[in-house]
$ cat my_file02.txt   # compact mmCIF, C-alpha atoms
# COMPACT_ATOMS: atom_id res chain seq x y z
CA MET A 201 -24.16 -4.29 32.72
CA LYS A 202 -23.58 -2.65 36.05
CA ASP A 203 -21.03 -5.31 36.92
CA ARG A 204 -19.26 -4.76 33.59
CA ASP A 205 -19.17 -0.98 34.13
CA TRP A 206 -17.79 -1.48 37.58
CA SER A 207 -15.13 -3.78 36.21
CA GLU A 208 -14.14 -1.29 33.52
CA ALA A 209 -13.93 1.45 36.11
CA GLU A 210 -11.85 -0.83 38.27
CA ALA A 211 -9.64 -1.63 35.30
CA GLY A 212 -9.25 2.11 34.70
CA ALA A 213 -8.20 2.63 38.30
CA ARG A 214 -5.66 -0.16 38.05
CA LEU A 215 -4.33 1.26 34.79
CA SER A 216 -3.82 4.56 36.61
CA ALA A 217 -1.87 2.72 39.28
CA LEU A 218 0.24 1.05 36.60
CA ARG A 219 0.85 4.43 34.92
CA GLU A 220 2.00 5.93 38.21
CA SER A 221 4.25 3.03 38.99
CA MET A 222 6.00 3.25 35.59
CA LYS A 223 6.18 6.99 35.15
CA ASP A 224 9.83 7.25 36.16
CA ILE A 225 11.11 4.46 33.97
CA GLU A 226 13.48 5.76 31.31
CA ALA A 227 15.87 4.38 28.76
CA PRO A 228 19.36 3.59 30.06
CA ALA A 229 21.89 6.41 29.80
CA ARG A 230 23.94 4.48 27.24
CA VAL A 231 21.15 4.94 24.69
CA GLU A 232 21.57 8.72 24.90
CA ALA A 233 25.34 8.43 24.65
CA GLU A 234 25.12 6.20 21.58
CA LEU A 235 22.59 8.45 19.90
CA ILE A 236 24.66 11.56 20.47
CA GLU A 237 27.65 9.79 19.02
CA ALA A 238 25.56 8.80 16.00
CA PHE A 239 24.36 12.38 15.69
CA ARG A 240 27.93 13.69 15.66
CA GLY A 241 28.96 11.11 13.10
CA ARG A 242 26.11 12.09 10.84
CA ARG A 243 26.93 15.77 11.17
CA ARG A 244 30.53 15.03 10.20
CA GLN A 245 29.29 13.15 7.12
CA VAL A 246 27.03 16.03 6.14
CA GLU A 247 29.83 18.56 6.58
CA SER A 248 32.22 16.47 4.49
CA GLY A 249 29.63 16.13 1.73
CA GLY A 250 29.15 12.41 2.27
CA ILE A 251 25.44 12.93 2.79
CA ARG A 252 23.38 15.24 0.66
CA TRP A 253 20.36 16.99 1.94
CA PRO A 254 17.27 14.98 1.12
CA GLY A 255 15.78 17.78 -0.98
CA TRP A 256 18.59 17.55 -3.51
CA ARG A 257 18.26 13.81 -3.69
CA TRP A 258 14.57 13.99 -4.52
CA ALA A 259 15.12 16.79 -7.01
CA GLY A 260 17.70 14.63 -8.82
CA LEU A 261 15.42 11.62 -8.87
CA SER A 262 12.53 13.73 -10.16
CA ALA A 263 14.66 15.18 -12.96
CA ALA A 264 15.86 11.70 -13.97
CA GLY A 265 12.28 10.48 -13.95
CA MET A 266 11.17 13.35 -16.20
CA VAL A 267 13.97 12.64 -18.68
CA LEU A 268 13.05 8.95 -18.82
CA LEU A 269 9.39 9.80 -19.27
CA ALA A 270 10.13 12.23 -22.08
CA ALA A 271 12.36 9.67 -23.81
CA GLY A 272 9.68 7.02 -23.50
CA VAL A 273 6.95 9.25 -24.92
CA GLY A 274 9.20 10.41 -27.77
CA GLY A 275 10.11 6.85 -28.64
CA TRP A 276 6.51 5.81 -28.63
CA ILE A 277 5.51 8.66 -30.96
CA LEU A 278 8.33 7.79 -33.41
CA ARG A 279 7.36 4.14 -33.33
CA GLU A 280 3.74 4.98 -34.05
CA ARG A 281 4.79 7.09 -37.04
CA GLU A 282 6.81 4.20 -38.41
CA LEU A 283 3.77 1.95 -38.21
CA ASP A 284 2.02 3.24 -41.29
CA PRO A 285 -0.41 0.71 -42.63
CA PRO A 286 0.86 -1.68 -45.28
CA PRO A 287 -0.15 -1.02 -48.85
CA LEU A 288 -3.64 -2.10 -49.69
CA VAL A 289 -3.91 -4.52 -52.54
CA VAL A 290 -7.14 -6.26 -53.21
CA HIS A 291 -6.66 -9.48 -55.05
CA ALA A 292 -9.44 -10.65 -57.24
CA PRO A 293 -10.15 -13.89 -55.35
CA GLN A 294 -10.34 -12.04 -52.09
CA ALA A 295 -12.49 -9.18 -53.28
CA PRO A 296 -15.60 -8.48 -51.27
CA PRO A 297 -18.53 -10.62 -52.26
CA GLU A 298 -21.26 -9.11 -54.31
CA ALA A 299 -23.34 -8.36 -51.28
CA LEU A 300 -20.57 -6.18 -49.83
CA ARG A 301 -20.10 -3.93 -52.84
CA PRO A 302 -21.79 -0.54 -52.99
CA VAL A 303 -25.10 -1.00 -54.65
CA LYS A 304 -26.00 2.64 -55.09
CA ASN A 305 -24.66 4.54 -58.09
CA ARG A 306 -23.34 1.30 -59.48
CA PRO A 307 -21.52 1.97 -62.79
CA PRO A 308 -22.64 0.36 -66.00
CA GLU A 309 -21.67 -3.20 -66.67
CA ARG A 310 -18.94 -2.33 -69.17
CA MET A 311 -17.27 0.07 -66.72
CA ARG A 312 -17.44 -2.44 -63.90
CA ALA A 313 -15.44 -4.91 -65.91
CA GLY A 314 -12.67 -2.34 -66.26
CA MET A 315 -12.77 -1.39 -62.62
CA GLU A 316 -12.23 -4.91 -61.45
CA ARG A 317 -8.92 -5.03 -63.27
CA ARG A 318 -7.74 -1.94 -61.45
CA PRO A 319 -6.86 -2.00 -57.77
CA GLN A 320 -9.52 -0.54 -55.55
CA LYS A 321 -8.80 2.68 -53.73
CA ALA A 322 -8.98 2.60 -50.02
CA ALA A 323 -11.53 4.86 -48.48
CA GLY A 324 -10.98 7.11 -45.50
CA PRO A 325 -7.68 8.18 -44.02
CA VAL A 326 -5.75 5.09 -45.06
CA ALA A 327 -4.77 5.65 -48.67
CA ALA A 328 -3.22 2.92 -50.74
CA PRO A 329 0.42 3.74 -51.44
CA ALA A 330 1.86 3.42 -54.88
CA ALA A 331 4.26 0.65 -54.01
CA ALA A 332 2.15 -2.35 -53.25
CA ALA A 333 3.54 -5.34 -51.40
CA GLU A 334 2.33 -8.87 -51.37
CA GLU A 335 -0.01 -9.66 -48.56
CA VAL A 336 -2.21 -12.50 -47.45
CA ALA A 337 -5.75 -11.92 -46.38
CA THR A 338 -8.58 -14.03 -45.10
CA GLY A 339 -11.90 -13.98 -46.84
CA PHE A 340 -14.48 -11.46 -45.66
CA ILE A 341 -16.32 -12.62 -42.60
CA ALA A 342 -19.80 -11.25 -42.11
CA VAL A 343 -20.15 -9.71 -38.67
CA THR A 344 -23.91 -9.32 -39.02
CA HIS A 345 -26.08 -11.48 -41.23
CA PRO A 346 -26.21 -10.11 -44.80
CA ALA A 347 -29.96 -10.49 -44.80
CA THR A 348 -30.17 -7.70 -42.25
CA TRP A 349 -28.17 -5.22 -44.30
CA PRO A 350 -30.07 -2.39 -45.99
CA GLU A 351 -30.67 -3.11 -49.64
CA GLU A 352 -29.33 0.21 -50.82
CA GLU A 353 -26.44 1.76 -49.04
CA ILE A 354 -22.91 2.94 -49.67
CA ARG A 355 -20.43 0.90 -47.73
CA GLU A 356 -16.92 1.93 -46.94
CA LEU A 357 -13.84 -0.23 -46.74
CA LEU A 358 -11.48 0.83 -43.96
CA ARG A 359 -8.10 -0.56 -43.07
CA VAL A 360 -7.54 -0.65 -39.33
CA ARG A 361 -5.26 -2.26 -36.76
CA LEU A 362 -6.79 -4.73 -34.34
CA PRO A 363 -5.42 -7.04 -31.68
CA ARG A 364 -5.08 -10.62 -32.84
CA ILE A 365 -7.48 -11.67 -30.16
CA ALA A 366 -10.21 -9.93 -32.16
CA ALA A 367 -9.61 -12.43 -34.95
CA ALA A 368 -9.99 -15.27 -32.48
CA ALA A 369 -13.31 -13.80 -31.41
CA LEU A 370 -14.50 -14.19 -35.00
CA GLY A 371 -13.38 -17.79 -35.20
CA VAL A 372 -10.06 -17.27 -37.02
CA PRO A 373 -7.32 -19.50 -35.58
CA VAL A 374 -4.77 -17.40 -33.68
CA ASN A 375 -1.40 -18.32 -32.22
CA ALA A 376 -1.99 -17.88 -28.49
CA GLU A 377 1.59 -16.73 -27.91
CA ARG A 378 1.02 -13.77 -30.24
CA ALA A 379 -2.50 -13.00 -29.10
CA ASP A 380 -1.54 -9.57 -27.79
CA GLU A 381 0.08 -8.47 -31.07
CA MET A 382 -1.69 -6.23 -33.55
CA LEU A 383 -2.65 -7.04 -37.11
CA TRP A 384 -4.24 -5.22 -40.00
CA ALA A 385 -7.85 -5.74 -40.97
CA ASP A 386 -10.16 -4.46 -43.70
CA VAL A 387 -13.50 -3.50 -42.29
CA VAL A 388 -16.65 -2.94 -44.32
CA VAL A 389 -18.73 -0.29 -42.64
CA GLY A 390 -22.31 0.55 -43.54
CA GLN A 391 -23.82 4.02 -43.75
CA ASP A 392 -25.08 3.67 -40.22
CA GLY A 393 -21.53 3.13 -38.96
CA VAL A 394 -22.12 -0.51 -38.16
CA VAL A 395 -19.49 -3.01 -39.29
CA ARG A 396 -20.87 -5.37 -41.89
CA ALA A 397 -17.86 -7.61 -42.53
CA ILE A 398 -14.20 -7.90 -41.79
CA ARG A 399 -11.15 -9.63 -43.13
CA PHE A 400 -7.69 -9.92 -41.68
CA VAL A 401 -4.56 -9.03 -43.60
CA GLN A 402 -1.01 -10.16 -43.00
CA MET B 174 18.16 19.83 15.06
CA LEU B 175 18.00 18.83 11.39
CA GLU B 176 20.70 21.40 10.70
CA GLY B 177 23.14 19.66 13.02
CA ASP B 178 22.42 21.39 16.33
CA GLU B 179 23.53 18.82 18.90
CA ALA B 180 22.10 20.77 21.84
CA ALA B 181 18.68 20.81 20.17
CA PHE B 182 18.85 17.09 19.55
CA THR B 183 19.89 16.36 23.13
CA ALA B 184 17.12 18.55 24.51
CA LEU B 185 14.56 16.86 22.31
CA TYR B 186 15.80 13.41 23.29
CA ARG B 187 15.70 14.19 26.99
CA ARG B 188 12.20 15.58 26.73
CA ARG B 189 10.74 12.72 24.70
CA HIS B 190 12.76 9.57 25.24
CA GLY B 191 11.04 8.54 28.49
CA GLU B 192 7.59 8.22 26.99
CA ILE B 193 8.92 6.54 23.86
CA TYR B 194 10.83 4.01 25.96
CA ARG B 195 7.82 3.34 28.18
CA PHE B 196 5.54 3.00 25.18
CA ALA B 197 7.84 0.42 23.62
CA LEU B 198 8.18 -1.37 26.94
CA GLN B 199 4.44 -1.46 27.51
CA MET B 200 3.84 -2.67 23.97
CA SER B 201 6.53 -5.35 23.90
CA GLY B 202 7.00 -6.31 27.54
CA SER B 203 10.73 -6.44 26.93
CA ALA B 204 13.26 -3.93 28.25
CA ALA B 205 15.77 -4.90 25.56
CA THR B 206 13.21 -4.35 22.80
CA ALA B 207 12.20 -1.02 24.34
CA GLU B 208 15.82 0.09 24.36
CA ASP B 209 16.30 -0.86 20.71
CA VAL B 210 13.06 0.81 19.69
CA THR B 211 13.98 4.04 21.48
CA GLN B 212 17.31 4.13 19.74
CA GLU B 213 15.78 3.42 16.34
CA VAL B 214 13.11 6.09 16.80
CA PHE B 215 15.67 8.82 17.35
CA LEU B 216 17.97 7.52 14.62
CA THR B 217 15.01 7.67 12.26
CA LEU B 218 14.27 11.20 13.38
CA MET B 219 17.89 12.09 12.65
CA ARG B 220 17.77 10.61 9.15
CA GLU B 221 14.22 11.34 8.12
CA GLY B 222 13.17 14.22 10.33
CA HIS B 223 12.50 16.29 7.22
CA LYS B 224 9.49 14.07 6.56
CA TYR B 225 7.76 15.39 9.65
CA ASP B 226 4.98 17.77 8.64
CA THR B 227 3.66 20.03 11.39
CA ARG B 228 0.32 20.25 9.60
CA LYS B 229 -0.22 16.52 10.00
CA GLY B 230 0.15 16.42 13.75
CA THR B 231 2.36 16.99 16.73
CA LEU B 232 5.96 15.85 16.98
CA ARG B 233 4.95 13.71 19.92
CA ALA B 234 2.40 11.85 17.80
CA TYR B 235 4.97 11.52 15.01
CA LEU B 236 7.46 9.92 17.40
CA TYR B 237 4.83 7.60 18.83
CA GLY B 238 3.96 6.58 15.28
CA ILE B 239 7.57 5.67 14.52
CA ALA B 240 7.85 3.84 17.85
CA ARG B 241 4.70 1.90 17.13
CA ASN B 242 6.02 0.67 13.79
CA LYS B 243 9.44 -0.17 15.17
CA ALA B 244 7.95 -1.98 18.15
CA ALA B 245 5.61 -4.00 15.95
CA ARG B 246 8.53 -5.03 13.75
CA ALA B 247 10.70 -5.90 16.73
CA MET B 248 7.90 -7.95 18.24
CA ARG B 249 7.49 -9.87 15.00
CA ASN B 250 11.20 -10.58 14.85
CA ASN B 251 11.66 -11.36 18.55
CA LYS B 252 8.31 -12.88 19.32
CA GLU B 253 9.68 -15.45 21.74
CA ASP B 254 11.68 -12.90 23.70
CA CYS B 255 8.69 -10.62 24.05
CA LEU B 256 6.39 -13.45 25.07
CA GLU B 257 8.92 -14.61 27.61
CA ALA B 258 9.08 -11.15 29.08
CA ALA B 259 5.31 -10.96 29.12
CA LYS B 260 5.11 -14.16 31.11
CA ASP B 261 7.65 -12.97 33.60
CA PRO B 262 7.94 -9.20 33.49
CA SER B 263 10.14 -9.11 36.54
CA GLY B 264 12.58 -11.65 35.13
CA GLY B 265 16.10 -10.42 34.52
CA THR B 266 18.24 -8.02 36.45
CA GLU B 267 16.50 -4.94 35.07
CA GLY B 268 12.91 -6.13 35.03
CA PRO B 269 10.55 -3.25 34.47
CA LEU B 270 8.38 -4.02 37.46
CA GLU B 271 11.36 -4.41 39.70
CA ALA B 272 12.09 -0.76 39.10
CA THR B 273 8.60 0.21 40.20
CA GLN B 274 6.62 -0.36 43.33
CA ARG B 275 5.91 -3.91 42.52
CA ASN B 276 2.78 -5.54 43.76
CA GLN B 277 0.49 -8.24 42.53
CA GLU B 278 -2.30 -5.98 41.33
CA ILE B 279 -0.06 -3.89 39.14
CA GLN B 280 1.60 -6.98 37.80
CA ALA B 281 -1.77 -8.46 36.97
CA VAL B 282 -2.83 -5.32 35.10
CA TRP B 283 0.39 -5.20 33.16
CA GLU B 284 0.11 -8.85 32.20
CA GLY B 285 -3.46 -8.13 31.15
CA VAL B 286 -2.33 -5.23 28.96
CA LEU B 287 0.38 -7.33 27.35
CA ALA B 288 -2.13 -10.06 26.62
CA LEU B 289 -4.39 -7.69 24.67
CA PRO B 290 -4.32 -7.92 20.87
CA PRO B 291 -1.86 -5.29 19.55
CA HIS B 292 -4.54 -3.00 18.05
CA TYR B 293 -6.33 -2.72 21.38
CA ARG B 294 -3.12 -2.68 23.37
CA GLU B 295 -1.69 0.33 21.57
CA ALA B 296 -4.91 2.28 22.11
CA VAL B 297 -4.98 1.42 25.82
CA VAL B 298 -1.28 2.19 26.25
CA LEU B 299 -1.46 5.52 24.47
CA CYS B 300 -4.72 6.81 25.91
CA ASP B 301 -4.75 5.28 29.39
CA LEU B 302 -1.09 4.88 30.28
CA HIS B 303 0.29 7.88 28.40
CA GLU B 304 -2.80 10.08 28.61
CA VAL B 305 -2.49 11.03 24.96
CA SER B 306 -5.52 12.76 23.45
CA TYR B 307 -7.68 10.84 20.98
CA GLU B 308 -6.51 13.14 18.20
CA GLU B 309 -2.84 12.53 18.92
CA ALA B 310 -3.43 8.81 19.28
CA ALA B 311 -5.19 8.79 15.92
CA GLN B 312 -2.21 10.61 14.35
CA ALA B 313 0.22 8.14 15.90
CA LEU B 314 -1.77 5.08 14.90
CA GLY B 315 -2.69 6.40 11.47
CA CYS B 316 -6.40 5.90 11.90
CA ALA B 317 -9.56 7.91 12.59
CA VAL B 318 -10.42 9.29 16.01
CA GLY B 319 -13.53 7.13 16.05
CA THR B 320 -11.38 4.06 15.49
CA VAL B 321 -9.22 5.00 18.47
CA ARG B 322 -12.31 5.40 20.63
CA SER B 323 -13.74 2.06 19.64
CA ARG B 324 -10.43 0.24 20.05
CA LEU B 325 -9.93 1.84 23.44
CA HIS B 326 -13.41 0.86 24.56
CA ARG B 327 -12.96 -2.69 23.37
CA GLY B 328 -9.49 -2.88 24.89
CA ARG B 329 -10.77 -1.77 28.27
CA GLN B 330 -13.58 -4.31 28.07
CA LEU B 331 -11.16 -7.12 27.31
CA LEU B 332 -8.85 -6.00 30.09
CA ALA B 333 -11.75 -5.88 32.55
CA GLN B 334 -12.77 -9.39 31.54
CA LYS B 335 -9.25 -10.65 32.13
CA LEU B 336 -9.03 -8.96 35.51
CA ARG B 337 -12.45 -10.28 36.50
CA ALA B 338 -11.47 -13.80 35.52
CA GLN B 339 -8.21 -13.44 37.37
CA ALA B 340 -10.00 -12.17 40.50
CA ALA B 341 -12.32 -15.18 40.37
CA ASP B 342 -9.30 -17.47 40.13
CA ASP B 343 -7.73 -15.73 43.11
CA VAL B 344 -10.90 -16.20 45.16
CA ARG B 345 -11.00 -19.89 44.23
CA ALA B 346 -7.34 -20.32 45.10
CA ALA B 347 -7.84 -18.58 48.45
CA GLY B 348 -10.83 -20.84 49.19
CA ILE B 349 -8.78 -23.93 48.43
CA ARG B 350 -6.01 -22.71 50.71
CA ARG B 351 -8.50 -22.06 53.52
CA ALA B 352 -10.05 -25.49 53.05
CA ARG B 353 -6.69 -27.17 53.17
CA SER B 354 -5.65 -25.34 56.29
CA TRP B 355 -9.01 -26.26 57.95
CA SER B 356 -8.65 -29.95 57.13
CA LEU B 357 -5.17 -29.93 58.55
$ encode --input "my_file02.txt" --output "structure tokens"
Amino acid sequence: MKDRDWSEAEAGARLSALRESMKDIEAPARVEAELIEAFRGRRRQVESGGIRWPGWRWAGLSAAGMVLLAAGVGGWILRERELDPPPLVVHAPQAPPEALRPVKNRPPERMRAGMERRPQKAAGPVAAPAAAAEEVATGFIAVTHPATWPEEEIRELLRVRLPRIAAAALGVPVNAERADEMLWADVVVGQDGVVRAIRFVQ
Amino acid sequence: MLEGDEAAFTALYRRRHGEIYRFALQMSGSAATAEDVTQEVFLTLMREGHKYDTRKGTLRAYLYGIARNKAARAMRNNKEDCLEAAKDPSGGTEGPLEATQRNQEIQAVWEGVLALPPHYREAVVLCDLHEVSYEEAAQALGCAVGTVRSRLHRGRQLLAQKLRAQAADDVRAAGIRRARSWSL
């Protein structure tokens, strides 16, 4: 340890000697001459308007950035508005199975027969528009086992947008190239807010 | 200076260029690289001097910081030239040691400094050869003061090891010379 300290002290002394020996070394005079010439050239450019002050440059870039940002946000909002959900049409073969239908306040048998001929109304914020279009839907896929569902509850049918990958997670074949696209889905939600079943609509 | 005052620029250059040139020389071991780095540092100051913020440190530390980056880049690009100069610092007509009081000890120390890893070398050069405070060195190197201290300590240790090893070699070489002269 003592030897190491001595060596470091000795190294320090030698560094001092090196510092002293190099203290008068300077850059050649031509460097100063070239720099002053460059300085004059730059000043001439500034005076002739060839170079703008940096502050103006950044202000211009910032303004351009803000305009682009505003345009992007506006475009996104317009696009979202155009993406209203497609009309909801429930075809008889694809209707929710018996277990998915509301079991409370069930209408009498004769009324039910009439209801099944009429299109169902969508619950929640997604209302079925008057003009219905043809669509293809998968069958309802139970997310939780029907045996675990409460015997008496009112279930809601919601139409939502989901990434295609969500369909793959439920075992529906998905084109991998379009996995990041969105698709519509009808979701059956129980009174407790838990999803009971889901089907995908195209 | 940023408003085009040539006298201010000249005064600033004359006050600061020596230490910037020496720093680049001590980092690279090459007079040509040191010259280029000095020129680039002041050209950068001319173009981007508005980026200097007095709250972040001294102008001296700011210039050392630019010089450090320029020197590192030059050393990457001209590695062979710098290594060549490190092997033979007195080589060439304007060898840096030729301009000083050259002797073996000083040459050995300088070679030892040049052989240090860059992180340790820049701490040793700034704090020991330029007597820059730890705070200024930290500003120039863009690191914490504690980091400067530890790098400096480690750099000095490595340098001491090199000098010790070199001294042992010298003793061995002297012994061999004596033995040869005795046998003759």
$ interface_residues --input "my_file02.txt" --of "chain B" --to "chain A" --cutoff "8 Å" --atoms "all atoms listed in the file" --output "ChimeraX atom specification"
/B:177,179,183,186,190-192,194-195,207-208,211-212,215-216,219,223,269-270,272-275,278-279,282-283,301-303,329-330,332-334,336-337
$ residues_around --input "my_file02.txt" --residues "Ala197 in chain B" --least-positions-apart "2" --cutoff "7 Å" --atoms "all atoms listed in the file" --output "ChimeraX atom specification"
/B:193-195,199-201,207,210,240,244
$ residues_around --input "my_file02.txt" --residues "range 289-294 of chain B" --least-positions-apart "6" --cutoff "8 Å" --atoms "only C-alpha atoms" --output "JSON, numbers by chain"
{"B": [200, 324, 325, 327, 328, 331, 332]}
$ closest_residue --input "my_file02.txt" --among "B:Leu218, B:Thr206, B:Ala288, B:Gly238" --to "Asn250 in chain B" --atoms "all atoms listed in the file"
B:Thr206
$ atom_distance --input "my_file02.txt" --atom1 "CA of Val395 in chain A" --atom2 "CA of Glu335 in chain A"
22.6 Å
$ atom_distance --input "my_file02.txt" --atom1 "CA of Gly319 in chain B" --atom2 "CA of Glu221 in chain B"
29.2 Å
$ atom_distance --input "my_file02.txt" --atom1 "CA of Arg396 in chain A" --atom2 "CA of Ala342 in chain A"
6.0 Å
